[in-house]
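Peer 1: Next up, data_18.txt (compact mmCIF, C-alpha atoms).
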```
# COMPACT_ATOMS: atom_id res chain seq x y z
CA MET A 1 40.32 75.02 105.31
CA ASN A 2 41.79 75.39 101.82
CA SER A 3 44.05 72.68 100.50
CA PRO A 4 47.48 73.47 99.03
CA LEU A 5 46.12 72.44 95.63
CA ALA A 6 43.20 74.87 95.89
CA PHE A 7 45.66 77.61 96.84
CA LEU A 8 47.87 76.86 93.83
CA LEU A 9 44.87 76.74 91.51
CA SER A 10 43.77 80.16 92.74
CA ILE A 11 47.25 81.52 91.96
CA ALA A 12 47.13 80.01 88.46
CA GLN A 13 43.66 81.42 87.80
CA GLY A 14 44.79 84.91 88.82
CA ILE A 15 47.86 84.77 86.58
CA PHE A 16 45.78 83.41 83.69
CA ALA A 17 43.17 86.18 83.96
CA GLY A 18 45.84 88.88 84.11
CA LEU A 19 47.60 87.58 81.00
CA GLN A 20 44.40 87.36 79.00
CA ASN A 21 43.72 90.98 79.87
CA LEU A 22 47.07 91.79 78.19
CA GLY A 23 46.02 90.11 74.94
CA ILE A 24 47.99 86.92 75.51
CA HIS A 25 46.37 83.95 73.73
CA PRO A 26 44.59 81.57 76.15
CA GLN A 27 46.99 78.71 75.34
CA ALA A 28 50.08 80.81 76.08
CA ALA A 29 48.44 82.32 79.17
CA ALA A 30 47.49 78.89 80.51
CA ARG A 31 50.99 77.51 79.91
CA TYR A 32 52.67 80.50 81.62
CA ALA A 33 50.24 80.30 84.56
CA ALA A 34 50.74 76.56 84.99
CA ILE A 35 54.54 76.75 84.88
CA ALA A 36 54.64 79.80 87.16
CA THR A 37 52.41 78.00 89.65
CA VAL A 38 54.55 74.85 89.64
CA MET A 39 57.67 76.97 90.15
CA LYS A 40 56.01 78.83 93.02
CA ALA A 41 55.14 75.49 94.66
CA TYR A 42 58.87 74.75 94.66
CA GLY A 43 59.83 78.17 96.02
CA MET A 44 60.92 79.68 92.71
CA GLU A 45 59.62 82.73 90.86
CA ALA A 46 58.76 82.66 87.18
CA PRO A 47 60.57 85.28 85.11
CA ARG A 48 58.80 88.57 84.51
CA ILE A 49 57.18 89.04 81.11
CA ILE A 50 58.89 91.87 79.24
CA SER A 51 56.81 91.66 76.06
CA GLY A 52 53.78 89.67 75.00
CA ARG A 53 51.27 90.39 72.29
CA ARG A 54 52.33 92.92 69.67
CA THR A 55 50.49 94.51 66.80
CA ALA A 56 51.87 94.07 63.29
CA ALA A 57 52.94 97.72 63.40
CA GLU A 58 54.89 97.15 66.63
CA GLN A 59 56.59 94.08 65.15
CA ARG A 60 57.44 96.03 61.98
CA GLU A 61 58.93 98.83 64.10
CA LEU A 62 61.12 96.31 65.95
CA LYS A 63 62.21 94.74 62.65
CA ASP A 64 63.08 98.18 61.25
CA ARG A 65 65.01 99.11 64.39
CA TYR A 66 66.81 95.74 64.78
CA PRO A 67 66.91 94.19 61.28
CA ASP A 68 69.40 91.47 62.26
CA ARG A 69 67.61 90.49 65.48
CA ALA A 70 63.84 90.98 65.21
CA ALA A 71 61.78 88.40 63.33
CA SER A 72 59.81 89.25 60.20
CA CYS A 73 57.18 86.65 61.15
CA SER A 74 56.30 86.42 64.80
CA TRP A 75 53.95 84.57 67.12
CA HIS A 76 53.86 87.78 69.18
CA THR A 77 51.26 89.13 66.75
CA ALA A 78 48.91 86.29 67.74
CA GLY A 79 49.64 86.59 71.48
CA LEU A 80 51.44 83.23 71.40
CA ALA A 81 54.95 84.45 72.22
CA LEU A 82 56.51 85.97 75.31
CA ASP A 83 59.81 87.71 75.89
CA LEU A 84 60.94 87.06 79.45
CA ASP A 85 63.49 88.52 81.82
CA TYR A 86 66.33 86.13 80.98
CA MET A 87 68.43 87.52 83.84
CA ALA A 88 65.93 86.19 86.40
CA ALA A 89 67.14 83.22 88.43
CA GLY A 90 64.12 81.16 87.37
CA TYR A 91 64.42 81.80 83.63
CA PRO A 92 66.40 78.64 82.65
CA MET A 93 64.00 76.39 84.57
CA PHE A 94 60.97 78.17 83.11
CA ALA A 95 62.28 77.88 79.53
CA GLU A 96 63.02 74.17 80.00
CA LEU A 97 59.53 73.52 81.40
CA TRP A 98 57.96 75.54 78.57
CA ALA A 99 59.79 73.41 75.99
CA ALA A 100 59.09 70.16 77.85
CA THR A 101 55.36 70.88 77.63
CA GLY A 102 55.29 71.45 73.87
CA GLY A 103 56.40 75.06 73.57
CA ARG A 104 59.49 76.41 71.84
CA ASP A 105 62.48 77.80 73.73
CA GLY A 106 64.15 80.66 71.82
CA ARG A 107 67.56 79.63 73.16
CA LYS A 108 67.33 76.59 70.89
CA PHE A 109 66.47 78.45 67.65
CA SER A 110 69.02 78.28 64.81
CA LYS A 111 69.48 82.01 65.49
CA PRO A 112 69.07 81.98 69.32
CA ASP A 113 66.57 84.39 70.83
CA ILE A 114 67.38 84.32 74.53
CA GLY A 115 64.39 85.21 76.68
CA HIS A 116 61.84 84.25 74.01
CA VAL A 117 59.32 81.41 74.33
CA ASP A 118 56.37 80.67 72.06
CA ILE A 119 53.67 78.09 71.46
CA PRO A 120 52.51 77.77 67.84
CA VAL A 121 48.84 76.78 67.65
CA ASP A 122 47.27 75.14 64.59
CA GLY A 123 44.82 77.43 62.88
CA VAL A 124 46.22 80.61 64.43
CA PRO A 125 48.30 82.53 61.90
CA LYS A 126 51.40 84.47 62.77
CA ILE A 127 51.64 87.72 60.91
CA CYS A 128 54.65 88.51 58.77
CA VAL A 129 55.68 92.14 58.39
```
Please go through the file and, once you have read it, give me the structure as structure tokens.
Peer 2:
Amino acid sequence: MNSPLAFLLSIAQGIFAGLQNLGIHPQAAARYAAIATVMKAYGMEAPRIISGRRTAAEQRELKDRYPDRAASCSWHTAGLALDLDYMAAGYPMFAELWAATGGRDGRKFSKPDIGHVDIPVDGVPKICV
């Protein structure tokens, strides 16, 4: 018989593998999977990912389209940033857990970016467009 921990680990492994297939950096994928799994254990759903890794061209297009809102330099280009469904019931809890475990919560930026979380990693450059 499988233990609850084994069940939760299998959930986390599935989430992690799916995110890596989308080009999300392993550190961001592992953090999302871990937080989503903890939330699931408490009967909550993690917010849906709206946007993850972007090419420099995609980031440039966003910056051109939304010059006052989109960042010129972004961790999205390294797969270390996620834009989440901030309308989801679990979003505030997810963002707090992300920040509590060393990530950055976009709600707390000097120019707030609601729905955005990222995890800067030493040695991984973000690309400026």
Peer 1: Please identify all polymer residues within 12 Å of A:Leu97, counting only C-alpha atoms, omitting same-chain residues fewer than 2 positions from it, and present them as number ranges by chain.
Peer 2: A: 31-39, 46, 90-95, 99-105, 117
Peer 1: Quick one: of A:Ala81, A:Trp75, A:Gly106, A:Lys111, who's nearest to A:Lys126, counting only C-alpha atoms?
Peer 2: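 That would be A:Trp75, the residue with the smallest distance to A:Lys126.
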Peer 1: Between A:Ile114, A:Ala70, A:Leu62, A:Ile49, which one has atoms that come closest to A:Ile24, using all atoms listed in the file?
Peer 2: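 Under the stated criterion, the closest residue is A:Ile49.
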Peer 1: Can you pull out the residues contacting A:Leu84? Cut-off 7 Å, using all atoms listed in the file, and skip same-chain residues under 6 positions away; I want them as a PyMOL selection string.
Peer 2: chain A and resi 47-50+115-116
Peer 1: What lies within 10 Å of A:Val121 using all atoms listed in the file, ignoring chain neighbours under 6 positions off, as a ChimeraX atom specification?
Peer 2: /A:25,27-28,75,78,80,103
Peer 1: Please report the interatomic distance between atom CA of A:Ala57 and atom CA of A:Ser72 in Å with one decimal.
Peer 2: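 According to the coordinates, atom CA of A:Ala57 and atom CA of A:Ser72 are separated by 11.4 Å.
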Peer 1: Given the choices A:Asp85, A:Glu45, A:Asp113, A:Glu96, which gets closest to A:Arg69 if the distance is worked out from all atoms listed in the file?
Peer 2: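 Closest to A:Arg69, using all atoms listed in the file: A:Asp113.
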Peer 1: If I take atom CA of A:Thr55 and atom CA of A:Ser110, how far is one from the other in Å, to one decimal?
Peer 2: 24.7 Å
Peer 1: So that I can see what lies close to stretch 63-68 of chain A, please list as a list in words the residues with an atom at most 12 Å from it, counting all atoms listed in the file and leaving out residues fewer than 5 positions away in the same chain.
Peer 2: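 Using all atoms listed in the file, the neighbours found are Ala56, Ala57, Glu58, Cys73, Ser74, Lys111, Pro112, Asp113, Cys128 and Val129 of chain A.
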Peer 1: Keeping C-alpha atoms for every residue in the selection just given, could you write it to a file as a CSV table (one decimal), in the coordinates of the input?
Peer 2:
```
chain,number,residue,atom,x,y,z
A,56,ALA,CA,51.9,94.1,63.3
A,57,ALA,CA,52.9,97.7,63.4
A,58,GLU,CA,54.9,97.2,66.6
A,73,CYS,CA,57.2,86.6,61.2
A,74,SER,CA,56.3,86.4,64.8
A,111,LYS,CA,69.5,82.0,65.5
A,112,PRO,CA,69.1,82.0,69.3
A,113,ASP,CA,66.6,84.4,70.8
A,128,CYS,CA,54.6,88.5,58.8
A,129,VAL,CA,55.7,92.1,58.4
```
Peer 1: Report, in Å with one decimal, the straight-line distance from atom CA of A:Asp118 to atom CA of A:Gly79.
Peer 2: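 Between atom CA of A:Asp118 and atom CA of A:Gly79 the gap is 9.0 Å.
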Peer 1: Using only C-alpha atoms, which of the listed residues (A:Leu82, A:Leu19, A:Ala29, A:Ala71) sits closest to A:Gly52?
Peer 2: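 Result for the nearest residue to A:Gly52: A:Leu82.
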Peer 1: Could you rebuild stretch 68-91 of chain A with N, CA, C and O atoms and give it back as a PDB file, keeping the file's coordinate frame?
Peer 2:
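Writing done, so here's out-v2.pdb:
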```pdb
ATOM      1  N   ASP A  68      68.693  92.752  62.127  1.00  0.00           N
ATOM      2  CA  ASP A  68      69.400  91.470  62.260  1.00  0.00           C
ATOM      3  C   ASP A  68      68.873  90.625  63.410  1.00  0.00           C
ATOM      4  O   ASP A  68      69.219  89.452  63.508  1.00  0.00           O
ATOM      5  N   ARG A  69      68.058  91.224  64.291  1.00  0.00           N
ATOM      6  CA  ARG A  69      67.610  90.490  65.480  1.00  0.00           C
ATOM      7  C   ARG A  69      66.120  90.209  65.512  1.00  0.00           C
ATOM      8  O   ARG A  69      65.706  89.134  65.939  1.00  0.00           O
ATOM      9  N   ALA A  70      65.292  91.158  65.122  1.00  0.00           N
ATOM     10  CA  ALA A  70      63.840  90.980  65.210  1.00  0.00           C
ATOM     11  C   ALA A  70      63.338  90.124  64.051  1.00  0.00           C
ATOM     12  O   ALA A  70      63.833  90.212  62.927  1.00  0.00           O
ATOM     13  N   ALA A  71      62.342  89.300  64.339  1.00  0.00           N
ATOM     14  CA  ALA A  71      61.780  88.400  63.330  1.00  0.00           C
ATOM     15  C   ALA A  71      60.817  89.143  62.405  1.00  0.00           C
ATOM     16  O   ALA A  71      60.112  90.060  62.826  1.00  0.00           O
ATOM     17  N   SER A  72      60.790  88.713  61.149  1.00  0.00           N
ATOM     18  CA  SER A  72      59.810  89.250  60.200  1.00  0.00           C
ATOM     19  C   SER A  72      58.439  88.645  60.459  1.00  0.00           C
ATOM     20  O   SER A  72      57.423  89.301  60.308  1.00  0.00           O
ATOM     21  N   CYS A  73      58.422  87.358  60.820  1.00  0.00           N
ATOM     22  CA  CYS A  73      57.180  86.650  61.150  1.00  0.00           C
ATOM     23  C   CYS A  73      57.259  86.269  62.618  1.00  0.00           C
ATOM     24  O   CYS A  73      58.245  85.672  63.058  1.00  0.00           O
ATOM     25  N   SER A  74      56.221  86.609  63.358  1.00  0.00           N
ATOM     26  CA  SER A  74      56.300  86.420  64.800  1.00  0.00           C
ATOM     27  C   SER A  74      54.993  85.924  65.385  1.00  0.00           C
ATOM     28  O   SER A  74      53.909  86.372  65.006  1.00  0.00           O
ATOM     29  N   TRP A  75      55.118  85.026  66.363  1.00  0.00           N
ATOM     30  CA  TRP A  75      53.950  84.570  67.120  1.00  0.00           C
ATOM     31  C   TRP A  75      53.483  85.636  68.106  1.00  0.00           C
ATOM     32  O   TRP A  75      52.400  85.535  68.676  1.00  0.00           O
ATOM     33  N   HIS A  76      54.291  86.682  68.309  1.00  0.00           N
ATOM     34  CA  HIS A  76      53.860  87.780  69.180  1.00  0.00           C
ATOM     35  C   HIS A  76      52.567  88.409  68.657  1.00  0.00           C
ATOM     36  O   HIS A  76      51.719  88.827  69.436  1.00  0.00           O
ATOM     37  N   THR A  77      52.426  88.475  67.336  1.00  0.00           N
ATOM     38  CA  THR A  77      51.260  89.130  66.750  1.00  0.00           C
ATOM     39  C   THR A  77      49.961  88.369  67.023  1.00  0.00           C
ATOM     40  O   THR A  77      48.883  88.928  66.907  1.00  0.00           O
ATOM     41  N   ALA A  78      50.081  87.096  67.392  1.00  0.00           N
ATOM     42  CA  ALA A  78      48.910  86.290  67.740  1.00  0.00           C
ATOM     43  C   ALA A  78      48.783  86.116  69.259  1.00  0.00           C
ATOM     44  O   ALA A  78      47.902  85.406  69.727  1.00  0.00           O
ATOM     45  N   GLY A  79      49.677  86.740  70.025  1.00  0.00           N
ATOM     46  CA  GLY A  79      49.640  86.590  71.480  1.00  0.00           C
ATOM     47  C   GLY A  79      50.166  85.241  71.944  1.00  0.00           C
ATOM     48  O   GLY A  79      49.909  84.816  73.063  1.00  0.00           O
ATOM     49  N   LEU A  80      50.932  84.567  71.081  1.00  0.00           N
ATOM     50  CA  LEU A  80      51.440  83.230  71.400  1.00  0.00           C
ATOM     51  C   LEU A  80      52.929  83.203  71.698  1.00  0.00           C
ATOM     52  O   LEU A  80      53.535  82.134  71.754  1.00  0.00           O
ATOM     53  N   ALA A  81      53.524  84.373  71.899  1.00  0.00           N
ATOM     54  CA  ALA A  81      54.950  84.450  72.220  1.00  0.00           C
ATOM     55  C   ALA A  81      55.142  85.419  73.379  1.00  0.00           C
ATOM     56  O   ALA A  81      54.394  86.384  73.535  1.00  0.00           O
ATOM     57  N   LEU A  82      56.159  85.123  74.178  1.00  0.00           N
ATOM     58  CA  LEU A  82      56.510  85.970  75.310  1.00  0.00           C
ATOM     59  C   LEU A  82      58.012  86.205  75.290  1.00  0.00           C
ATOM     60  O   LEU A  82      58.786  85.297  74.985  1.00  0.00           O
ATOM     61  N   ASP A  83      58.407  87.416  75.615  1.00  0.00           N
ATOM     62  CA  ASP A  83      59.810  87.710  75.890  1.00  0.00           C
ATOM     63  C   ASP A  83      59.905  87.875  77.400  1.00  0.00           C
ATOM     64  O   ASP A  83      59.140  88.639  77.996  1.00  0.00           O
ATOM     65  N   LEU A  84      60.821  87.132  77.992  1.00  0.00           N
ATOM     66  CA  LEU A  84      60.940  87.060  79.450  1.00  0.00           C
ATOM     67  C   LEU A  84      62.247  87.672  79.927  1.00  0.00           C
ATOM     68  O   LEU A  84      63.207  87.781  79.168  1.00  0.00           O
ATOM     69  N   ASP A  85      62.276  88.012  81.189  1.00  0.00           N
ATOM     70  CA  ASP A  85      63.490  88.520  81.820  1.00  0.00           C
ATOM     71  C   ASP A  85      64.479  87.365  81.956  1.00  0.00           C
ATOM     72  O   ASP A  85      64.406  86.572  82.887  1.00  0.00           O
ATOM     73  N   TYR A  86      65.388  87.260  80.992  1.00  0.00           N
ATOM     74  CA  TYR A  86      66.330  86.130  80.980  1.00  0.00           C
ATOM     75  C   TYR A  86      67.408  86.245  82.047  1.00  0.00           C
ATOM     76  O   TYR A  86      68.167  85.306  82.268  1.00  0.00           O
ATOM     77  N   MET A  87      67.478  87.375  82.747  1.00  0.00           N
ATOM     78  CA  MET A  87      68.430  87.520  83.840  1.00  0.00           C
ATOM     79  C   MET A  87      67.865  86.981  85.156  1.00  0.00           C
ATOM     80  O   MET A  87      68.597  86.822  86.126  1.00  0.00           O
ATOM     81  N   ALA A  88      66.569  86.706  85.187  1.00  0.00           N
ATOM     82  CA  ALA A  88      65.930  86.190  86.400  1.00  0.00           C
ATOM     83  C   ALA A  88      66.455  84.796  86.718  1.00  0.00           C
ATOM     84  O   ALA A  88      66.695  83.989  85.812  1.00  0.00           O
ATOM     85  N   ALA A  89      66.615  84.516  88.002  1.00  0.00           N
ATOM     86  CA  ALA A  89      67.140  83.220  88.430  1.00  0.00           C
ATOM     87  C   ALA A  89      66.299  82.059  87.903  1.00  0.00           C
ATOM     88  O   ALA A  89      66.828  81.010  87.556  1.00  0.00           O
ATOM     89  N   GLY A  90      64.998  82.244  87.794  1.00  0.00           N
ATOM     90  CA  GLY A  90      64.120  81.160  87.370  1.00  0.00           C
ATOM     91  C   GLY A  90      63.982  80.985  85.870  1.00  0.00           C
ATOM     92  O   GLY A  90      63.331  80.053  85.404  1.00  0.00           O
ATOM     93  N   TYR A  91      64.610  81.864  85.081  1.00  0.00           N
ATOM     94  CA  TYR A  91      64.420  81.800  83.630  1.00  0.00           C
ATOM     95  C   TYR A  91      64.842  80.453  83.017  1.00  0.00           C
ATOM     96  O   TYR A  91      64.059  79.868  82.251  1.00  0.00           O
TER      97      TYR A  91
END
```
